[in-house]
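Visitor: File follows, query_3.txt with compact mmCIF, N, CA and C atoms:
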# COMPACT_ATOMS: atom_id res chain seq x y z
N MET A 1 -101.66 127.17 36.82
CA MET A 1 -102.86 127.52 37.54
C MET A 1 -103.43 128.81 36.99
N ALA A 2 -104.67 128.79 36.66
CA ALA A 2 -105.26 129.93 36.00
C ALA A 2 -106.03 130.84 36.94
N LEU A 3 -106.79 130.28 37.87
CA LEU A 3 -107.66 131.09 38.72
C LEU A 3 -107.30 130.91 40.19
N ILE A 4 -107.01 132.04 40.86
CA ILE A 4 -106.63 132.01 42.27
C ILE A 4 -107.65 132.81 43.07
N LEU A 5 -108.18 132.19 44.11
CA LEU A 5 -109.12 132.86 45.01
C LEU A 5 -108.34 133.41 46.20
N ILE A 6 -108.48 134.71 46.45
CA ILE A 6 -107.83 135.39 47.57
C ILE A 6 -108.90 135.64 48.63
N VAL A 7 -108.73 135.05 49.81
CA VAL A 7 -109.69 135.23 50.90
C VAL A 7 -108.99 136.02 52.00
N ASP A 8 -109.33 137.30 52.10
CA ASP A 8 -108.67 138.19 53.06
C ASP A 8 -109.58 139.39 53.30
N ASP A 9 -109.69 139.80 54.56
CA ASP A 9 -110.56 140.93 54.88
C ASP A 9 -109.86 142.28 54.78
N SER A 10 -108.58 142.30 54.44
CA SER A 10 -107.83 143.55 54.29
C SER A 10 -107.82 144.00 52.83
N PRO A 11 -108.47 145.12 52.52
CA PRO A 11 -108.46 145.62 51.14
C PRO A 11 -107.04 145.86 50.62
N THR A 12 -106.15 146.29 51.50
CA THR A 12 -104.77 146.54 51.09
C THR A 12 -104.09 145.25 50.68
N GLU A 13 -104.21 144.21 51.49
CA GLU A 13 -103.61 142.92 51.16
C GLU A 13 -104.18 142.37 49.86
N VAL A 14 -105.48 142.46 49.70
CA VAL A 14 -106.13 141.96 48.49
C VAL A 14 -105.57 142.70 47.27
N HIS A 15 -105.44 144.01 47.37
CA HIS A 15 -104.91 144.81 46.27
C HIS A 15 -103.49 144.36 45.90
N VAL A 16 -102.65 144.19 46.90
CA VAL A 16 -101.26 143.77 46.66
C VAL A 16 -101.23 142.39 45.98
N PHE A 17 -102.00 141.43 46.50
CA PHE A 17 -102.02 140.09 45.92
C PHE A 17 -102.54 140.12 44.49
N LYS A 18 -103.67 140.81 44.29
CA LYS A 18 -104.26 140.89 42.94
C LYS A 18 -103.27 141.45 41.93
N ASN A 19 -102.63 142.56 42.28
CA ASN A 19 -101.67 143.17 41.35
C ASN A 19 -100.52 142.22 41.02
N ALA A 20 -99.95 141.61 42.04
CA ALA A 20 -98.82 140.70 41.82
C ALA A 20 -99.23 139.51 40.96
N LEU A 21 -100.37 138.95 41.25
CA LEU A 21 -100.81 137.75 40.51
C LEU A 21 -101.26 138.08 39.09
N GLU A 22 -102.03 139.13 38.93
CA GLU A 22 -102.54 139.47 37.59
C GLU A 22 -101.42 139.93 36.66
N ARG A 23 -100.38 140.54 37.19
CA ARG A 23 -99.22 140.92 36.37
C ARG A 23 -98.49 139.70 35.82
N HIS A 24 -98.69 138.56 36.45
CA HIS A 24 -98.04 137.33 36.00
C HIS A 24 -99.02 136.40 35.30
N GLY A 25 -100.14 136.93 34.86
CA GLY A 25 -101.06 136.18 34.01
C GLY A 25 -102.12 135.37 34.72
N PHE A 26 -102.20 135.47 36.03
CA PHE A 26 -103.22 134.72 36.77
C PHE A 26 -104.52 135.50 36.82
N LYS A 27 -105.63 134.80 36.78
CA LYS A 27 -106.93 135.40 37.03
C LYS A 27 -107.16 135.31 38.53
N THR A 28 -107.85 136.31 39.08
CA THR A 28 -108.11 136.29 40.52
C THR A 28 -109.58 136.54 40.81
N ALA A 29 -109.99 136.03 41.95
CA ALA A 29 -111.30 136.31 42.52
C ALA A 29 -111.04 136.58 43.99
N THR A 30 -111.91 137.34 44.63
CA THR A 30 -111.67 137.69 46.03
C THR A 30 -112.90 137.47 46.89
N ALA A 31 -112.63 137.20 48.16
CA ALA A 31 -113.68 137.06 49.18
C ALA A 31 -113.17 137.76 50.43
N THR A 32 -114.08 138.37 51.19
CA THR A 32 -113.65 139.17 52.33
C THR A 32 -113.76 138.47 53.68
N ASP A 33 -114.26 137.24 53.70
CA ASP A 33 -114.27 136.46 54.94
C ASP A 33 -114.40 134.98 54.59
N GLY A 34 -114.31 134.14 55.62
CA GLY A 34 -114.34 132.70 55.39
C GLY A 34 -115.64 132.19 54.80
N VAL A 35 -116.76 132.76 55.23
CA VAL A 35 -118.06 132.32 54.71
C VAL A 35 -118.14 132.55 53.21
N GLU A 36 -117.78 133.77 52.80
CA GLU A 36 -117.79 134.10 51.37
C GLU A 36 -116.75 133.27 50.62
N GLY A 37 -115.60 133.03 51.24
CA GLY A 37 -114.56 132.24 50.60
C GLY A 37 -115.00 130.81 50.33
N VAL A 38 -115.66 130.18 51.29
CA VAL A 38 -116.16 128.82 51.11
C VAL A 38 -117.21 128.80 50.01
N ARG A 39 -118.13 129.75 50.04
CA ARG A 39 -119.19 129.81 49.01
C ARG A 39 -118.58 129.99 47.62
N MET A 40 -117.64 130.93 47.50
CA MET A 40 -117.04 131.19 46.19
C MET A 40 -116.21 130.01 45.69
N ALA A 41 -115.49 129.36 46.60
CA ALA A 41 -114.68 128.21 46.19
C ALA A 41 -115.57 127.12 45.61
N LYS A 42 -116.72 126.89 46.22
CA LYS A 42 -117.65 125.89 45.70
C LYS A 42 -118.20 126.30 44.35
N GLU A 43 -118.46 127.59 44.16
CA GLU A 43 -119.02 128.10 42.92
C GLU A 43 -118.03 128.10 41.77
N ILE A 44 -116.83 128.68 42.00
CA ILE A 44 -115.91 128.92 40.89
C ILE A 44 -114.81 127.87 40.75
N GLN A 45 -114.66 126.99 41.75
CA GLN A 45 -113.65 125.93 41.70
C GLN A 45 -112.27 126.47 41.28
N PRO A 46 -111.67 127.35 42.10
CA PRO A 46 -110.37 127.92 41.73
C PRO A 46 -109.28 126.85 41.72
N ASP A 47 -108.17 127.20 41.09
CA ASP A 47 -107.02 126.29 41.03
C ASP A 47 -106.19 126.35 42.31
N LEU A 48 -106.32 127.45 43.06
CA LEU A 48 -105.55 127.66 44.28
C LEU A 48 -106.28 128.69 45.13
N ILE A 49 -106.15 128.57 46.45
CA ILE A 49 -106.74 129.54 47.36
C ILE A 49 -105.65 130.07 48.29
N PHE A 50 -105.55 131.40 48.39
CA PHE A 50 -104.73 132.04 49.41
C PHE A 50 -105.68 132.47 50.52
N MET A 51 -105.49 131.93 51.71
CA MET A 51 -106.44 132.09 52.82
C MET A 51 -105.80 132.80 54.01
N ASP A 52 -106.37 133.95 54.37
CA ASP A 52 -105.98 134.64 55.61
C ASP A 52 -106.57 133.85 56.78
N ILE A 53 -106.09 134.09 57.98
CA ILE A 53 -106.65 133.40 59.15
C ILE A 53 -107.60 134.30 59.93
N VAL A 54 -107.14 135.50 60.29
CA VAL A 54 -107.94 136.37 61.14
C VAL A 54 -108.92 137.17 60.28
N MET A 55 -110.19 136.71 60.29
CA MET A 55 -111.25 137.35 59.51
C MET A 55 -112.57 137.25 60.29
N PRO A 56 -113.51 138.14 59.98
CA PRO A 56 -114.82 138.07 60.66
C PRO A 56 -115.66 136.91 60.15
N ASN A 57 -116.68 136.57 60.89
CA ASN A 57 -117.70 135.57 60.54
C ASN A 57 -117.20 134.13 60.58
N MET A 58 -116.18 133.81 59.83
CA MET A 58 -115.58 132.48 59.83
C MET A 58 -114.09 132.68 59.59
N ASN A 59 -113.26 132.24 60.52
CA ASN A 59 -111.83 132.46 60.34
C ASN A 59 -111.24 131.50 59.30
N GLY A 60 -109.99 131.74 58.96
CA GLY A 60 -109.34 130.94 57.92
C GLY A 60 -109.15 129.48 58.28
N TYR A 61 -108.95 129.19 59.56
CA TYR A 61 -108.85 127.79 59.98
C TYR A 61 -110.18 127.07 59.71
N GLN A 62 -111.28 127.70 60.10
CA GLN A 62 -112.60 127.10 59.91
C GLN A 62 -112.92 126.93 58.43
N ALA A 63 -112.60 127.95 57.63
CA ALA A 63 -112.88 127.88 56.19
C ALA A 63 -112.02 126.81 55.52
N THR A 64 -110.76 126.72 55.91
CA THR A 64 -109.87 125.70 55.34
C THR A 64 -110.37 124.30 55.68
N ARG A 65 -110.78 124.11 56.92
CA ARG A 65 -111.31 122.81 57.34
C ARG A 65 -112.58 122.47 56.54
N ALA A 66 -113.47 123.44 56.38
CA ALA A 66 -114.71 123.20 55.64
C ALA A 66 -114.41 122.82 54.18
N LEU A 67 -113.49 123.54 53.55
CA LEU A 67 -113.16 123.25 52.15
C LEU A 67 -112.42 121.92 52.01
N SER A 68 -111.54 121.62 52.95
CA SER A 68 -110.77 120.37 52.89
C SER A 68 -111.64 119.14 53.13
N ASN A 69 -112.77 119.32 53.81
CA ASN A 69 -113.65 118.19 54.10
C ASN A 69 -114.80 118.04 53.11
N ALA A 70 -115.00 119.02 52.25
CA ALA A 70 -116.11 118.98 51.30
C ALA A 70 -115.69 118.24 50.03
N PRO A 71 -116.52 117.35 49.53
CA PRO A 71 -116.16 116.55 48.36
C PRO A 71 -115.78 117.37 47.12
N HIS A 72 -116.45 118.49 46.89
CA HIS A 72 -116.21 119.26 45.66
C HIS A 72 -115.05 120.23 45.75
N THR A 73 -114.50 120.41 46.96
CA THR A 73 -113.39 121.37 47.11
C THR A 73 -112.15 120.78 47.77
N ARG A 74 -112.20 119.54 48.17
CA ARG A 74 -111.08 118.98 48.94
C ARG A 74 -109.76 118.89 48.17
N THR A 75 -109.82 118.91 46.83
CA THR A 75 -108.58 118.82 46.06
C THR A 75 -107.97 120.18 45.72
N ILE A 76 -108.66 121.27 46.07
CA ILE A 76 -108.13 122.61 45.80
C ILE A 76 -107.04 122.92 46.82
N PRO A 77 -105.82 123.20 46.38
CA PRO A 77 -104.76 123.52 47.34
C PRO A 77 -105.03 124.87 48.02
N ILE A 78 -104.80 124.90 49.33
CA ILE A 78 -104.99 126.12 50.12
C ILE A 78 -103.65 126.49 50.75
N VAL A 79 -103.27 127.75 50.58
CA VAL A 79 -102.06 128.28 51.22
C VAL A 79 -102.52 129.34 52.21
N MET A 80 -102.21 129.13 53.48
CA MET A 80 -102.54 130.12 54.50
C MET A 80 -101.56 131.28 54.34
N VAL A 81 -102.09 132.50 54.32
CA VAL A 81 -101.27 133.70 54.21
C VAL A 81 -101.71 134.62 55.34
N THR A 82 -100.87 134.75 56.35
CA THR A 82 -101.32 135.39 57.59
C THR A 82 -100.19 136.07 58.35
N SER A 83 -100.57 136.92 59.25
CA SER A 83 -99.59 137.55 60.14
C SER A 83 -99.29 136.66 61.34
N LYS A 84 -100.03 135.58 61.52
CA LYS A 84 -99.82 134.67 62.65
C LYS A 84 -98.62 133.78 62.34
N GLY A 85 -97.47 134.12 62.92
CA GLY A 85 -96.24 133.46 62.55
C GLY A 85 -95.70 132.42 63.52
N GLN A 86 -96.45 132.10 64.56
CA GLN A 86 -95.99 131.10 65.52
C GLN A 86 -96.02 129.70 64.90
N GLU A 87 -95.11 128.86 65.32
CA GLU A 87 -95.05 127.49 64.80
C GLU A 87 -96.36 126.74 65.07
N THR A 88 -96.98 126.99 66.22
CA THR A 88 -98.25 126.32 66.53
C THR A 88 -99.36 126.75 65.56
N ASP A 89 -99.33 128.01 65.11
CA ASP A 89 -100.31 128.48 64.13
C ASP A 89 -100.13 127.72 62.81
N LYS A 90 -98.89 127.57 62.40
CA LYS A 90 -98.59 126.87 61.15
C LYS A 90 -99.03 125.40 61.24
N ILE A 91 -98.69 124.76 62.33
CA ILE A 91 -99.06 123.35 62.51
C ILE A 91 -100.58 123.20 62.48
N TRP A 92 -101.28 124.10 63.18
CA TRP A 92 -102.74 124.03 63.20
C TRP A 92 -103.33 124.26 61.81
N GLY A 93 -102.77 125.21 61.07
CA GLY A 93 -103.23 125.46 59.70
C GLY A 93 -103.05 124.25 58.80
N MET A 94 -101.93 123.60 58.92
CA MET A 94 -101.67 122.41 58.11
C MET A 94 -102.61 121.26 58.51
N ARG A 95 -102.91 121.16 59.79
CA ARG A 95 -103.84 120.12 60.25
C ARG A 95 -105.26 120.36 59.74
N GLN A 96 -105.59 121.61 59.44
CA GLN A 96 -106.93 121.92 58.93
C GLN A 96 -107.04 121.61 57.44
N GLY A 97 -105.90 121.35 56.79
CA GLY A 97 -105.92 120.99 55.38
C GLY A 97 -105.12 121.89 54.46
N ALA A 98 -104.46 122.91 55.01
CA ALA A 98 -103.63 123.78 54.17
C ALA A 98 -102.44 123.01 53.62
N ARG A 99 -102.04 123.34 52.41
CA ARG A 99 -100.87 122.70 51.80
C ARG A 99 -99.57 123.44 52.12
N ASP A 100 -99.70 124.75 52.41
CA ASP A 100 -98.52 125.54 52.72
C ASP A 100 -98.95 126.73 53.58
N TYR A 101 -97.96 127.48 54.05
CA TYR A 101 -98.20 128.54 55.01
C TYR A 101 -97.19 129.65 54.77
N ILE A 102 -97.68 130.88 54.58
CA ILE A 102 -96.80 132.04 54.37
C ILE A 102 -97.13 133.07 55.44
N VAL A 103 -96.08 133.66 56.02
CA VAL A 103 -96.27 134.70 57.02
C VAL A 103 -96.14 136.07 56.34
N LYS A 104 -97.12 136.95 56.62
CA LYS A 104 -97.10 138.32 56.09
C LYS A 104 -96.03 139.12 56.80
N PRO A 105 -95.45 140.11 56.16
CA PRO A 105 -95.70 140.56 54.81
C PRO A 105 -95.08 139.61 53.78
N VAL A 106 -95.79 139.44 52.70
CA VAL A 106 -95.37 138.51 51.65
C VAL A 106 -94.78 139.31 50.49
N ASN A 107 -93.66 138.84 49.98
CA ASN A 107 -93.15 139.50 48.78
C ASN A 107 -93.57 138.72 47.54
N ARG A 108 -93.57 139.39 46.43
CA ARG A 108 -94.04 138.83 45.16
C ARG A 108 -93.32 137.54 44.79
N ASP A 109 -92.00 137.52 44.97
CA ASP A 109 -91.23 136.33 44.58
C ASP A 109 -91.62 135.11 45.41
N GLU A 110 -91.85 135.32 46.71
CA GLU A 110 -92.27 134.22 47.57
C GLU A 110 -93.64 133.69 47.14
N LEU A 111 -94.54 134.61 46.82
CA LEU A 111 -95.88 134.23 46.37
C LEU A 111 -95.80 133.39 45.10
N LEU A 112 -95.01 133.84 44.14
CA LEU A 112 -94.88 133.12 42.87
C LEU A 112 -94.17 131.77 43.05
N ALA A 113 -93.22 131.72 43.98
CA ALA A 113 -92.53 130.46 44.26
C ALA A 113 -93.49 129.42 44.84
N LYS A 114 -94.39 129.86 45.71
CA LYS A 114 -95.37 128.94 46.29
C LYS A 114 -96.31 128.41 45.21
N ILE A 115 -96.73 129.27 44.30
CA ILE A 115 -97.60 128.85 43.21
C ILE A 115 -96.88 127.82 42.34
N ALA A 116 -95.63 128.09 41.99
CA ALA A 116 -94.85 127.17 41.17
C ALA A 116 -94.68 125.82 41.86
N ALA A 117 -94.44 125.83 43.16
CA ALA A 117 -94.24 124.59 43.91
C ALA A 117 -95.51 123.74 43.93
N LEU A 118 -96.66 124.39 43.93
CA LEU A 118 -97.92 123.65 43.97
C LEU A 118 -98.43 123.28 42.58
N GLY A 119 -97.87 123.96 41.55
CA GLY A 119 -98.34 123.77 40.18
C GLY A 119 -98.04 122.42 39.64
Would you write the structure of this file as structure tokens?
Guide:
Amino acid sequence: MALILIVDDSPTEVHVFKNALERHGFKTATATDGVEGVRMAKEIQPDLIFMDIVMPNMNGYQATRALSNAPHTRTIPIVMVTSKGQETDKIWGMRQGARDYIVKPVNRDELLAKIAALG
């Protein structure tokens, strides 16, 4: 996977993800909310999306559902990356179209393992 879209409203989280991914040869793009994430996914057609849930304007569940239902983005794998760690949150995320679910804080090895599993 060459291009990963990070959709998260936390500049700190984005920085951590970008550094970890770019050090391992991945290209990254970022969006700060679900609306921007959906727009960018349609434009750049990333190979993978890391999607936060709690964001302004459009949350990660809504953005994941929109991307999973759209013809041009439905095949892009989405991994929810969030602080919402309840089992019901995970089940709901998967029902919206996410392929996997990671609870923050995320370590680099877990992030890379998820990418490898989806690759």
Visitor: Write out as a ChimeraX atom specification all residues of chain A that backbone DSSP assigns to helix (DSSP H, G or I).
Guide: /A:11-22,34-44,60-69,87-95,108-118
Visitor: Could you please give me, as a PyMOL selection string, the residues of protein, DNA or RNA lying at most 8 Å from (-106.2, 137.7, 40.1) in the coordinate frame of the file, considering all atoms listed in the file?
Guide: chain A and resi 2-6+17-23+25-30
Visitor: Between atom C of A:Arg65 and atom N of A:Arg108, what is the distance in Å, rounded to a tenth?
Guide: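 Taking atom C of A:Arg65 and atom N of A:Arg108, their separation equals 27.4 Å.
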Visitor: Closest to A:Ser83 among A:Glu110, A:Asp100, A:Glu13, A:Asp52, using only N, CA and C atoms?
Guide: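 Going through A:Glu110, A:Asp100, A:Glu13, A:Asp52 one by one, the smallest distance to A:Ser83 is for A:Asp52.
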Visitor: Looking at A:Pro71, A:Arg39, A:Arg95, A:Thr82, which one is nearest to A:Met51, with distances taken over only N, CA and C atoms?
Guide: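 Distance minimum relative to A:Met51 lands on A:Thr82.
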Visitor: Take the point (-117.4, 123.7, 43.2) as written in the file and pick out every residue within 12 Å of it, counting only C-alpha atoms; give the list as an mmCIF file with N, CA and C atoms, in the frame of the given file.
Guide:
data_model
loop_
_atom_site.group_PDB
_atom_site.id
_atom_site.type_symbol
_atom_site.label_atom_id
_atom_site.label_comp_id
_atom_site.auth_asym_id
_atom_site.auth_seq_id
_atom_site.Cartn_x
_atom_site.Cartn_y
_atom_site.Cartn_z
ATOM 1 N N GLY A 37 -115.600 133.030 51.240
ATOM 2 C CA GLY A 37 -114.560 132.240 50.600
ATOM 3 C C GLY A 37 -115.000 130.810 50.330
ATOM 4 N N VAL A 38 -115.660 130.180 51.290
ATOM 5 C CA VAL A 38 -116.160 128.820 51.110
ATOM 6 C C VAL A 38 -117.210 128.800 50.010
ATOM 7 N N ARG A 39 -118.130 129.750 50.040
ATOM 8 C CA ARG A 39 -119.190 129.810 49.010
ATOM 9 C C ARG A 39 -118.580 129.990 47.620
ATOM 10 N N MET A 40 -117.640 130.930 47.500
ATOM 11 C CA MET A 40 -117.040 131.190 46.190
ATOM 12 C C MET A 40 -116.210 130.010 45.690
ATOM 13 N N ALA A 41 -115.490 129.360 46.600
ATOM 14 C CA ALA A 41 -114.680 128.210 46.190
ATOM 15 C C ALA A 41 -115.570 127.120 45.610
ATOM 16 N N LYS A 42 -116.720 126.890 46.220
ATOM 17 C CA LYS A 42 -117.650 125.890 45.700
ATOM 18 C C LYS A 42 -118.200 126.300 44.350
ATOM 19 N N GLU A 43 -118.460 127.590 44.160
ATOM 20 C CA GLU A 43 -119.020 128.100 42.920
ATOM 21 C C GLU A 43 -118.030 128.100 41.770
ATOM 22 N N ILE A 44 -116.830 128.680 42.000
ATOM 23 C CA ILE A 44 -115.910 128.920 40.890
ATOM 24 C C ILE A 44 -114.810 127.870 40.750
ATOM 25 N N GLN A 45 -114.660 126.990 41.750
ATOM 26 C CA GLN A 45 -113.650 125.930 41.700
ATOM 27 C C GLN A 45 -112.270 126.470 41.280
ATOM 28 N N PRO A 46 -111.670 127.350 42.100
ATOM 29 C CA PRO A 46 -110.370 127.920 41.730
ATOM 30 C C PRO A 46 -109.280 126.850 41.720
ATOM 31 N N ASP A 47 -108.170 127.200 41.090
ATOM 32 C CA ASP A 47 -107.020 126.290 41.030
ATOM 33 C C ASP A 47 -106.190 126.350 42.310
ATOM 34 N N LEU A 67 -113.490 123.540 53.550
ATOM 35 C CA LEU A 67 -113.160 123.250 52.150
ATOM 36 C C LEU A 67 -112.420 121.920 52.010
ATOM 37 N N ALA A 70 -115.000 119.020 52.250
ATOM 38 C CA ALA A 70 -116.110 118.980 51.300
ATOM 39 C C ALA A 70 -115.690 118.240 50.030
ATOM 40 N N PRO A 71 -116.520 117.350 49.530
ATOM 41 C CA PRO A 71 -116.160 116.550 48.360
ATOM 42 C C PRO A 71 -115.780 117.370 47.120
ATOM 43 N N HIS A 72 -116.450 118.490 46.890
ATOM 44 C CA HIS A 72 -116.210 119.260 45.660
ATOM 45 C C HIS A 72 -115.050 120.230 45.750
ATOM 46 N N THR A 73 -114.500 120.410 46.960
ATOM 47 C CA THR A 73 -113.390 121.370 47.110
ATOM 48 C C THR A 73 -112.150 120.780 47.770
ATOM 49 N N ARG A 74 -112.200 119.540 48.170
ATOM 50 C CA ARG A 74 -111.080 118.980 48.940
ATOM 51 C C ARG A 74 -109.760 118.890 48.170
ATOM 52 N N THR A 75 -109.820 118.910 46.830
ATOM 53 C CA THR A 75 -108.580 118.820 46.060
ATOM 54 C C THR A 75 -107.970 120.180 45.720
ATOM 55 N N ILE A 76 -108.660 121.270 46.070
ATOM 56 C CA ILE A 76 -108.130 122.610 45.800
ATOM 57 C C ILE A 76 -107.040 122.920 46.820
#
Visitor: Provide stretch 88-97 of chain A rebuilt to all heavy atoms, formatted as a compact mmCIF listing (two decimals), keeping the file's coordinate frame.
Guide:
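As written to disk, result-v1.txt reads:
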# COMPACT_ATOMS: atom_id res chain seq x y z
N THR A 88 -96.98 126.99 66.22
CA THR A 88 -98.25 126.32 66.53
C THR A 88 -99.36 126.75 65.56
O THR A 88 -100.22 125.94 65.22
CB THR A 88 -98.71 126.60 67.97
OG1 THR A 88 -98.74 128.02 68.18
CG2 THR A 88 -97.79 125.95 68.98
N ASP A 89 -99.33 128.01 65.11
CA ASP A 89 -100.31 128.48 64.13
C ASP A 89 -100.13 127.72 62.81
O ASP A 89 -101.10 127.30 62.19
CB ASP A 89 -100.14 129.98 63.86
CG ASP A 89 -100.39 130.83 65.09
OD1 ASP A 89 -101.35 130.53 65.84
OD2 ASP A 89 -99.64 131.79 65.30
N LYS A 90 -98.89 127.57 62.40
CA LYS A 90 -98.59 126.87 61.15
C LYS A 90 -99.03 125.40 61.24
O LYS A 90 -99.68 124.88 60.33
CB LYS A 90 -97.10 126.95 60.83
CG LYS A 90 -96.73 126.25 59.56
CD LYS A 90 -95.26 126.39 59.24
CE LYS A 90 -94.93 125.70 57.94
NZ LYS A 90 -93.53 125.84 57.58
N ILE A 91 -98.69 124.76 62.33
CA ILE A 91 -99.06 123.35 62.51
C ILE A 91 -100.58 123.20 62.48
O ILE A 91 -101.12 122.31 61.81
CB ILE A 91 -98.47 122.79 63.83
CG1 ILE A 91 -96.95 122.69 63.72
CG2 ILE A 91 -99.10 121.45 64.19
CD1 ILE A 91 -96.24 122.43 65.04
N TRP A 92 -101.28 124.10 63.18
CA TRP A 92 -102.74 124.03 63.20
C TRP A 92 -103.33 124.26 61.81
O TRP A 92 -104.26 123.57 61.40
CB TRP A 92 -103.31 125.02 64.22
CG TRP A 92 -104.78 124.86 64.42
CD1 TRP A 92 -105.75 125.76 64.11
CD2 TRP A 92 -105.46 123.72 64.96
NE1 TRP A 92 -106.99 125.25 64.42
CE2 TRP A 92 -106.83 123.99 64.95
CE3 TRP A 92 -105.02 122.48 65.46
CZ2 TRP A 92 -107.78 123.09 65.40
CZ3 TRP A 92 -105.98 121.59 65.92
CH2 TRP A 92 -107.33 121.89 65.89
N GLY A 93 -102.77 125.21 61.07
CA GLY A 93 -103.23 125.46 59.70
C GLY A 93 -103.05 124.25 58.80
O GLY A 93 -103.95 123.90 58.03
N MET A 94 -101.93 123.60 58.92
CA MET A 94 -101.67 122.41 58.11
C MET A 94 -102.61 121.26 58.51
O MET A 94 -103.08 120.51 57.66
CB MET A 94 -100.20 121.98 58.23
CG MET A 94 -99.21 123.07 57.83
SD MET A 94 -99.38 123.66 56.15
CE MET A 94 -98.28 122.56 55.32
N ARG A 95 -102.91 121.16 59.79
CA ARG A 95 -103.84 120.12 60.25
C ARG A 95 -105.26 120.36 59.74
O ARG A 95 -106.05 119.43 59.64
CB ARG A 95 -103.86 120.05 61.77
CG ARG A 95 -102.64 119.37 62.33
CD ARG A 95 -102.77 119.16 63.81
NE ARG A 95 -101.60 118.48 64.33
CZ ARG A 95 -101.29 118.40 65.59
NH1 ARG A 95 -102.06 118.97 66.51
NH2 ARG A 95 -100.22 117.75 65.98
N GLN A 96 -105.59 121.61 59.44
CA GLN A 96 -106.93 121.92 58.93
C GLN A 96 -107.04 121.61 57.44
O GLN A 96 -108.13 121.63 56.88
CB GLN A 96 -107.28 123.39 59.17
CG GLN A 96 -107.19 123.83 60.60
CD GLN A 96 -107.81 122.85 61.58
OE1 GLN A 96 -108.99 122.52 61.49
NE2 GLN A 96 -107.01 122.34 62.50
N GLY A 97 -105.90 121.35 56.79
CA GLY A 97 -105.92 120.99 55.38
C GLY A 97 -105.12 121.89 54.46
O GLY A 97 -105.09 121.67 53.26
